[in-house]
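Heads up, the thing below is written out as structure tokens.
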Amino acid sequence: METEETKYELRLYVAGKTVKSVTALSNLERYCEEHLKGQYKIEVIDLLLQPQLAEGDQIFAIPTLVRKVPEPIRKIIGDLSNEEKVLVGLNIRPVSIDI
Amino acid sequence: MTKDYIKENIKYNQPQLPKTLTGITGLDEITEGGIPKGRPTLVCGEAGCGKTLLSLEFIVRGAIEFDEPGVFMAFEEKTEELAMNVASLGFDLNSLQAENKLKLDYVHIDRSEIEETGEYDLEGLFIRLGYAIDSIGAKRVVLDTIESLFAGLTNQGILRAELRRLFNWLKVKGVTTIITGERGEGPSFTRQGLEEYVSDCVILLDHRVVNQISTRRLRILKYRGSVHGTNEYPFLIDEDGISVLPVTSLKLEKEVSTERISSGIPALDKMLEGKGFFKGSSVLVSGTAGTGKTSIAACFANETCNQKKRCLYFAFEESPKQIIRNMQSINVNLQKQVDEGLLQFHAMRPTLHGLEQHLVAMYKIIKNFKPTVVVLDPITNLVTVGSVSEVKAMLIRLIDFLLDEQITVMFTALTLNNVVTEQTDEGVSSLVDTWLLVRDIEFNGERNRGIYIMKSRGMKHSNQVREFVITDKGIDIVDVFLGPDGVLTGSAREAQKLQEQTGEVIRKNSVSLKDREIGRKRKILESKIAGLQSEFESAEDELNKIYVEEELIKKVAEENRQKMIMMRRGENASENKNEK
């Protein structure tokens, strides 16, 4: 279970509490609860507070969701309103079928 | 020009558009003070025309020379690659980064890693840029090449809106920005039409290949609110970075000098009022093949060095060693001058670069060496890399530049042996101040050289055709013999001279004969006079002798008569005495 819990490490970059950021976060939380219950970790980084972190993950668009684990790194930009795209992008669908 | 411009503005009391010096050689001249301060400037051009280098040099020069830190945001090359690429130009990006004068930021955009869903904006980019600017207090920003965003992202609507916001944001930030853009097909200057966002200053770079020779050119397409040069200016990328050459100065307001500079050939100086060329003038030596143009040029160079002045020799035909060896044969030791550092050779094939590039290269070398005299030998070869009118345009620029710097220049040019020998192929004859023409004189089965001064502005020069003689002692110019058959040169002149000498000898001989005759006559006369003299003396002696004899006879007779008287009287001698 220990490994399962950290199966998905997600990082969401936002810039303040904009509409897009809030939408993105709520969307993300919803998808994760639905499909990855207990297997994910979400870290929200506000670039207005920590601008130096933008360079490390090559962030240029806001909001950006970065899948740190599992490799390879995937990025999804936008407010994550399209569930299908997000799940495919995070490679969640095939994994959940395997389980 | 810049000064004039500022002056004019002061005159009309107009606020001047604030500008930022780029520090790039020549670019600040044609933009009259740099690119607009605190505004974005677009640099566009095809691949490989030097956009990245130009923008990077802008940042580096700003950091080093103007104490204005800069941010370089690269979308195409990684920072390590960039640093390595420009290390060859002497830019040490890593140490500048360590000193907080420069910040490189590589924005990696890979479509395969990115999924787009829903609304987003480029705030992340703004934050990164803003953070980079604030962390070093940057005044200059480069975005190279922002169009990569279009390749990485699909939502063009968002991109365009965000770019517009980005440029406005940069303006608000007050940073001077260069945005590079790849030249697109069709009428637009960049693929994504960036020029519609950046409307203050657009610089177009171009890399053209004509006749297999490439030339880089730069043109300021637009510069809102400022006067700027509108021509295409060639530029060069070399070990010192970019140099742009603002080649055509429109004004003819040059300082002139009345100082003279010797040509190195005394007889030629004599033809030029006995003083030589004007300092800072241009001299053209033209002639057919093998007439000694290079020799004249070498003499001039040698003389300049003898005066302890510097001379630059651009050779387009021979290698320096060849010239030095060949000139040794006419007793001109150029090696010595080279060793002393007074003479510098630059030999290059004309096909090495394009004309403009040649010009920029020469310009740079001249700026570095600061010579008094420049020799170009020969300019004719330049035609192989450009058309006649291009060569002429280039030479006008070169002459302009040299006159500005008060440098005397000597060109040599080959004229073809055709009817129009009065005009060089390059048509520069109208540009030069002094024009020497060396030509063949074919006569009597031999070929000799004649030299004359076609023109020499501002002096009373000789109008005579002289014979130009190259011997192992050097160059000399001798009077030609004007005989009844016309101009005599070479051996004909020598023969004429000999003939004159013969006449002289004969005349001398006859004179001495007559002298001796007179001498002899005088001797005869003198001996005659001596004879007469002795005759006269003997006659005189004779006369004297008779006279004395008579006297003696007279005396003796008297004595005898006295004795007789005494004897007759019978007196003795003593009585005689007493009587007495």
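Ordering of the structure tokens sets the chain letters (A, B, ...); residue numbers start at 1 within each chain; ligands are numbered from 1 in the order shown.
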Show me, as a list of chain:residue names, every residue of chain B with an atom at most 9 Å from chain A, counting only C-alpha atoms. B:Asp105, B:Tyr106, B:Val107, B:His108, B:Ile109, B:Ser112, B:Glu113, B:Ile114, B:Glu115, B:Glu116, B:Thr117, B:Gly118, B:Glu119, B:Tyr120, B:Asp121, B:Leu122, B:Glu123, B:Gly124, B:Leu125, B:Phe126, B:Ile127, B:Arg128, B:Gly130, B:Tyr131, B:Ala132
Just the residues within 8 Å of B:Val198, please, counting only C-alpha atoms, with nothing from its chain fewer than 6 positions along; format it as a PyMOL selection string. chain B and resi 40-42+167
Among chain A, which ones does DSSP assign to alpha helix (DSSP H) (computed from the backbone)? Answer as a ChimeraX atom specification. /A:2-5,19-35,83-89,92-98
Have a look at atom CA of A:Thr18 and atom CA of A:Leu49 and let me know their distance in Å, one decimal. 14.0 Å
Test item: residues at most 9 Å from A:Tyr31, only C-alpha atoms, excluding those fewer than 3 positions along its chain, as a list in words: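 Contacts, in chain order: Ser26, Asn27, Leu28, Glu34, His35, Leu36, Glu83, Val86 and Leu87 of chain A.
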